[in-house]
Amino acid sequence: DLFSLITGEQAGGVWTRPTGTGGTFNAGAGTYTPAAGATTSTFLYTVTGVAPCTTDTSLATVTINPQPNAGTDGGVTICDNSVAVIDLFSLITGEQAGGVWTRPTGTGGTFNAGAGTYTPAAGATTSTFLYTVTGVAPCTTDTSLATVTINPVLAPVINCGTTTTTTVQFTWTAVIGATSYNVSYQVNALPVVNVGSIGNVLNYTVSGLTPGDNVTITLTPVGGAGTCFTFGTQTCTATNCAPPTASISYGTPFCTTLALPQNVTLTGTGAYTGGTYASTAGLSINAATGAITPSTSTPGTYTVTYTIPASGGCAAVPVTTSVTITALPTASI
């Protein structure tokens with residue numbers, strides 16, 4: 001109501017609009033309805049004088065301040081080894097100029113509030129940056145948020161698995177987010193062999209080696225968007241192994257009347273001692289010494305196995321022999 005903006009006026013005057021655009025001006029009713037895009041306007045109220053009285057005017061001004069617009073929130077995901085400058089304005093959309101940047105959360109890197117940029121660095125954490133456009137009363141202040149999510153760069157930790165004279169196995173734990181692994185390896189100083197993707201498996205074996213060959217594997221996880229991976233390497237050596245040999249024997253057969261332990265004869269080459277003895281149920285045998293007690297055994301024929309323990313890169317070696325336990329014969333006449 002334009003009449004409410006002036007005071008002491010007499011009725012019968014006429015409203016006009018000298019300046020301003022937009023909105024709806026009703027001169028007859030003396031009202032103005034603003035709308036989006038309208039500008040500050042003046043409205044002139046004129047009461048015409050009857051001679052010798054002069055005409056009189058008063059001015060009603062409607063000042064329209066723009067509602068601040070800080071834009072729409074946005075963000076970006078980077079890896080923690082990135083040092084590229086990030087333009088924070090590029091992360092939000094539709095913002096008006098003249099706002100102020102602050103950093104509510106996050107640490108590390110270099111934040112330039114005046115330029116609206118952020119340069120990440122080693123050790124920086126995920127951060128949020130608030131863009132604020134202050135409103136002039138009665139308009140309210142508006143804000144938008146730019147988020148820089150920083151993900152760690154993950155590398156596989158590779159271990160040497162089972163090795164033989166001709167093979168080397170590499171194993172690793174799953175890398176979070178990885179869906180496959182790209183593999184290449186090099187034997188000694190020979191050319192690198194590119195295996196390519198092996199899927200989401202956690203081991204790889206290189207074959208066709210000779211004892212003492214050094215094998216270096218390079219492994220790079222592969223994942224979807226937003227994942228941060230780097231390669232891992234490990235060198236393992238094919239086992240230079242001379243397998244031990246062994247032979248065992250007993251003075252079999254044994255009668256169940258024998259109460260004393262019956263010792264084994266063990267011979268061999270290399271690191272053949274220190275193994276363990278075993279048999280199927282029914283034979284009373286000392287697992288450490290191989291001695292058999294016939295009197296506590298069940299009559300029958302058994303296979304005794306002596307296992308040479310794994311050592312020096314060589315796998316365990318089993319050897320066997322046969323043992324017979326006979327019962328004391330009985331007769332009746």
# chains A, B, ... in the order shown; residues from 1 in each chain; ligands from 1
>>> residues_around(residues="range 236-249 of chain A", least_positions_apart="6", cutoff="10 Å", atoms="only C-alpha atoms", output="ChimeraX atom specification")
/A:159-170,187-188,206-207,209-217,263-273,290,304-323
>>> residues_around(residues="Tyr302 in chain A", least_positions_apart="5", cutoff="10 Å", atoms="only C-alpha atoms", output="PDB file with N, CA, C and O atoms, in the first residue's frame")
ATOM      1  N   SER A 279      51.534 -94.774  12.096  1.00  0.00           N
ATOM      2  CA  SER A 279      50.950 -95.957  11.488  1.00  0.00           C
ATOM      3  C   SER A 279      49.452 -95.916  11.713  1.00  0.00           C
ATOM      4  O   SER A 279      48.937 -95.059  12.452  1.00  0.00           O
ATOM      5  N   THR A 280      48.761 -96.847  11.088  1.00  0.00           N
ATOM      6  CA  THR A 280      47.321 -96.938  11.301  1.00  0.00           C
ATOM      7  C   THR A 280      47.054 -97.502  12.691  1.00  0.00           C
ATOM      8  O   THR A 280      47.934 -98.064  13.349  1.00  0.00           O
ATOM      9  N   ALA A 281      45.800 -97.381  13.148  1.00  0.00           N
ATOM     10  CA  ALA A 281      45.419 -97.819  14.496  1.00  0.00           C
ATOM     11  C   ALA A 281      45.649 -99.313  14.670  1.00  0.00           C
ATOM     12  O   ALA A 281      45.445-100.111  13.738  1.00  0.00           O
ATOM     13  N   GLY A 282      46.098 -99.662  15.844  1.00  0.00           N
ATOM     14  CA  GLY A 282      46.332-101.064  16.179  1.00  0.00           C
ATOM     15  C   GLY A 282      47.783-101.369  16.436  1.00  0.00           C
ATOM     16  O   GLY A 282      48.103-102.359  17.107  1.00  0.00           O
ATOM     17  N   LEU A 283      48.692-100.547  15.899  1.00  0.00           N
ATOM     18  CA  LEU A 283      50.122-100.758  16.110  1.00  0.00           C
ATOM     19  C   LEU A 283      50.594 -99.799  17.197  1.00  0.00           C
ATOM     20  O   LEU A 283      50.408 -98.584  17.077  1.00  0.00           O
ATOM     21  N   THR A 321      57.652 -98.509   5.370  1.00  0.00           N
ATOM     22  CA  THR A 321      58.043 -99.920   5.439  1.00  0.00           C
ATOM     23  C   THR A 321      56.873-100.711   6.012  1.00  0.00           C
ATOM     24  O   THR A 321      55.945-100.124   6.592  1.00  0.00           O
ATOM     25  N   SER A 322      56.937-102.035   5.891  1.00  0.00           N
ATOM     26  CA  SER A 322      55.860-102.896   6.363  1.00  0.00           C
ATOM     27  C   SER A 322      56.271-103.599   7.657  1.00  0.00           C
ATOM     28  O   SER A 322      57.424-104.006   7.815  1.00  0.00           O
ATOM     29  N   VAL A 323      55.336-103.704   8.588  1.00  0.00           N
ATOM     30  CA  VAL A 323      55.563-104.381   9.863  1.00  0.00           C
ATOM     31  C   VAL A 323      54.418-105.366  10.097  1.00  0.00           C
ATOM     32  O   VAL A 323      53.243-105.014   9.930  1.00  0.00           O
ATOM     33  N   THR A 324      54.799-106.602  10.519  1.00  0.00           N
ATOM     34  CA  THR A 324      53.786-107.617  10.800  1.00  0.00           C
ATOM     35  C   THR A 324      53.865-108.025  12.269  1.00  0.00           C
ATOM     36  O   THR A 324      54.942-108.311  12.793  1.00  0.00           O
ATOM     37  N   ILE A 325      52.722-108.055  12.933  1.00  0.00           N
ATOM     38  CA  ILE A 325      52.593-108.506  14.319  1.00  0.00           C
ATOM     39  C   ILE A 325      51.789-109.816  14.305  1.00  0.00           C
ATOM     40  O   ILE A 325      50.674-109.853  13.730  1.00  0.00           O
TER      41      ILE A 325
END
>>> closest_atom_pairs(of="range 212-270 of chain A", to="range 328-333 of chain A", cutoff="8 Å", atoms="only C-alpha atoms", output="CSV")
residue,atom,partner,partner_atom,distance
A:Cys255,CA,A:Leu328,CA,6.4
A:Thr256,CA,A:Leu328,CA,6.4
A:Thr257,CA,A:Leu328,CA,6.7
>>> closest_residue(among="A:Ser297, A:Thr31, A:Phe229, A:Thr252", to="Ile78 in chain A", atoms="only C-alpha atoms")
A:Phe229
>>> select_by_dssp(residues="range 196-332 of chain A", states="strand (DSSP E)", output="PyMOL selection string")
chain A and resi 196-197+203-206+214-223+232-237+245-249+254-255+265-269+276-278+300-308+317-326
>>> closest_atom_pairs(of="range 99-133 of chain A", to="range 82-94 of chain A", cutoff="6 Å", atoms="only C-alpha atoms", output="Markdown table")
| residue | atom | partner | partner_atom | distance |
| --- | --- | --- | --- | --- |
| A:Gly116 | CA | A:Leu88 | CA | 5.5 |
| A:Thr117 | CA | A:Asp87 | CA | 4.7 |
| A:Tyr118 | CA | A:Ile86 | CA | 5.1 |
| A:Thr119 | CA | A:Val85 | CA | 4.5 |
| A:Pro120 | CA | A:Val83 | CA | 5.1 |
| A:Ala121 | CA | A:Val83 | CA | 5.5 |
>>> atom_distance(atom1="CA of Trp172 in chain A", atom2="CA of Thr220 in chain A")
11.5 Å
>>> residues_around(residues="Gly22 in chain A", least_positions_apart="2", cutoff="12 Å", atoms="only C-alpha atoms", output="list of chain:residue names")
A:Arg17, A:Thr19, A:Gly20, A:Thr24, A:Phe25, A:Tyr32, A:Thr33, A:Pro34, A:Ala35, A:Ala36, A:Gly37, A:Ala38, A:Thr39, A:Thr40, A:Ser41, A:Val62, A:Ile64
>>> write_last_selection(atoms="C-alpha atoms", output="PDB file, in the first residue's frame")
ATOM      1  CA  ARG A  17       6.043   5.602 -11.240  1.00  0.00           C
ATOM      2  CA  THR A  19      11.666   5.003 -11.815  1.00  0.00           C
ATOM      3  CA  GLY A  20      12.019   1.244 -11.498  1.00  0.00           C
ATOM      4  CA  THR A  24       2.687  -4.817 -10.601  1.00  0.00           C
ATOM      5  CA  PHE A  25       1.860  -1.107 -10.087  1.00  0.00           C
ATOM      6  CA  TYR A  32       2.583  -2.055  -5.732  1.00  0.00           C
ATOM      7  CA  THR A  33       3.198  -5.816  -5.802  1.00  0.00           C
ATOM      8  CA  PRO A  34       6.898  -6.754  -6.279  1.00  0.00           C
ATOM      9  CA  ALA A  35       8.006  -9.844  -8.194  1.00  0.00           C
ATOM     10  CA  ALA A  36      11.184 -11.709  -9.025  1.00  0.00           C
ATOM     11  CA  GLY A  37      13.535  -9.488 -10.980  1.00  0.00           C
ATOM     12  CA  ALA A  38      11.896  -6.219  -9.900  1.00  0.00           C
ATOM     13  CA  THR A  39      14.187  -3.253  -9.210  1.00  0.00           C
ATOM     14  CA  THR A  40      14.111  -0.441  -6.657  1.00  0.00           C
ATOM     15  CA  SER A  41      11.273   1.911  -7.662  1.00  0.00           C
ATOM     16  CA  VAL A  62      10.406   0.823  -2.479  1.00  0.00           C
ATOM     17  CA  ILE A  64      14.535  -3.926  -3.395  1.00  0.00           C
TER      18      ILE A  64
END
>>> atom_distance(atom1="CA of Ala288 in chain A", atom2="CA of Gly251 in chain A")
18.7 Å
>>> decode(residues="range 92-108 of chain A", atoms="N, CA, C and O atoms", output="short mmCIF file (atom, residue, chain, number, x, y, z; two decimals), in the first residue's frame")
data_model
loop_
_atom_site.label_atom_id
_atom_site.label_comp_id
_atom_site.auth_asym_id
_atom_site.auth_seq_id
_atom_site.Cartn_x
_atom_site.Cartn_y
_atom_site.Cartn_z
N ILE A 92 31.09 -25.70 -6.82
CA ILE A 92 29.71 -25.29 -6.58
C ILE A 92 29.18 -24.66 -7.87
O ILE A 92 29.94 -24.30 -8.77
N THR A 93 27.86 -24.51 -7.97
CA THR A 93 27.26 -23.99 -9.21
C THR A 93 26.24 -22.91 -8.89
O THR A 93 25.53 -22.99 -7.88
N GLY A 94 26.16 -21.91 -9.78
CA GLY A 94 25.13 -20.88 -9.69
C GLY A 94 25.37 -19.82 -8.65
O GLY A 94 24.48 -19.01 -8.36
N GLU A 95 26.57 -19.76 -8.08
CA GLU A 95 26.83 -18.78 -7.01
C GLU A 95 27.04 -17.38 -7.56
O GLU A 95 27.49 -17.21 -8.70
N GLN A 96 26.72 -16.37 -6.74
CA GLN A 96 27.01 -15.00 -7.13
C GLN A 96 28.36 -14.59 -6.54
O GLN A 96 28.86 -15.19 -5.60
N ALA A 97 28.95 -13.59 -7.12
CA ALA A 97 30.25 -13.12 -6.67
C ALA A 97 30.11 -12.35 -5.36
O ALA A 97 29.02 -11.98 -4.94
N GLY A 98 31.28 -12.16 -4.72
CA GLY A 98 31.30 -11.33 -3.52
C GLY A 98 31.20 -12.08 -2.23
O GLY A 98 31.19 -11.47 -1.15
N GLY A 99 31.13 -13.42 -2.27
CA GLY A 99 31.04 -14.20 -1.05
C GLY A 99 32.39 -14.40 -0.40
O GLY A 99 33.44 -13.99 -0.92
N VAL A 100 32.39 -15.09 0.72
CA VAL A 100 33.60 -15.34 1.50
C VAL A 100 33.74 -16.83 1.74
O VAL A 100 32.77 -17.51 2.12
N TRP A 101 34.98 -17.36 1.56
CA TRP A 101 35.26 -18.77 1.81
C TRP A 101 35.82 -18.97 3.22
O TRP A 101 36.67 -18.21 3.67
N THR A 102 35.33 -20.03 3.89
CA THR A 102 35.90 -20.48 5.16
C THR A 102 36.05 -21.99 5.11
O THR A 102 35.52 -22.65 4.20
N ARG A 103 36.77 -22.55 6.09
CA ARG A 103 37.02 -24.00 6.11
C ARG A 103 36.52 -24.57 7.44
O ARG A 103 37.24 -24.60 8.43
N PRO A 104 35.29 -25.07 7.48
CA PRO A 104 34.74 -25.59 8.74
C PRO A 104 35.44 -26.86 9.24
O PRO A 104 35.59 -27.05 10.44
N THR A 105 35.82 -27.77 8.31
CA THR A 105 36.42 -29.04 8.74
C THR A 105 37.60 -29.40 7.86
O THR A 105 37.71 -28.95 6.72
N GLY A 106 38.49 -30.26 8.41
CA GLY A 106 39.64 -30.75 7.65
C GLY A 106 40.93 -30.07 8.05
O GLY A 106 40.93 -28.94 8.55
N THR A 107 42.03 -30.78 7.80
CA THR A 107 43.35 -30.24 8.10
C THR A 107 44.31 -30.54 6.96
O THR A 107 44.08 -31.43 6.15
N GLY A 108 45.43 -29.79 6.96
CA GLY A 108 46.48 -30.03 5.98
C GLY A 108 46.22 -29.34 4.67
O GLY A 108 45.13 -28.84 4.38
#
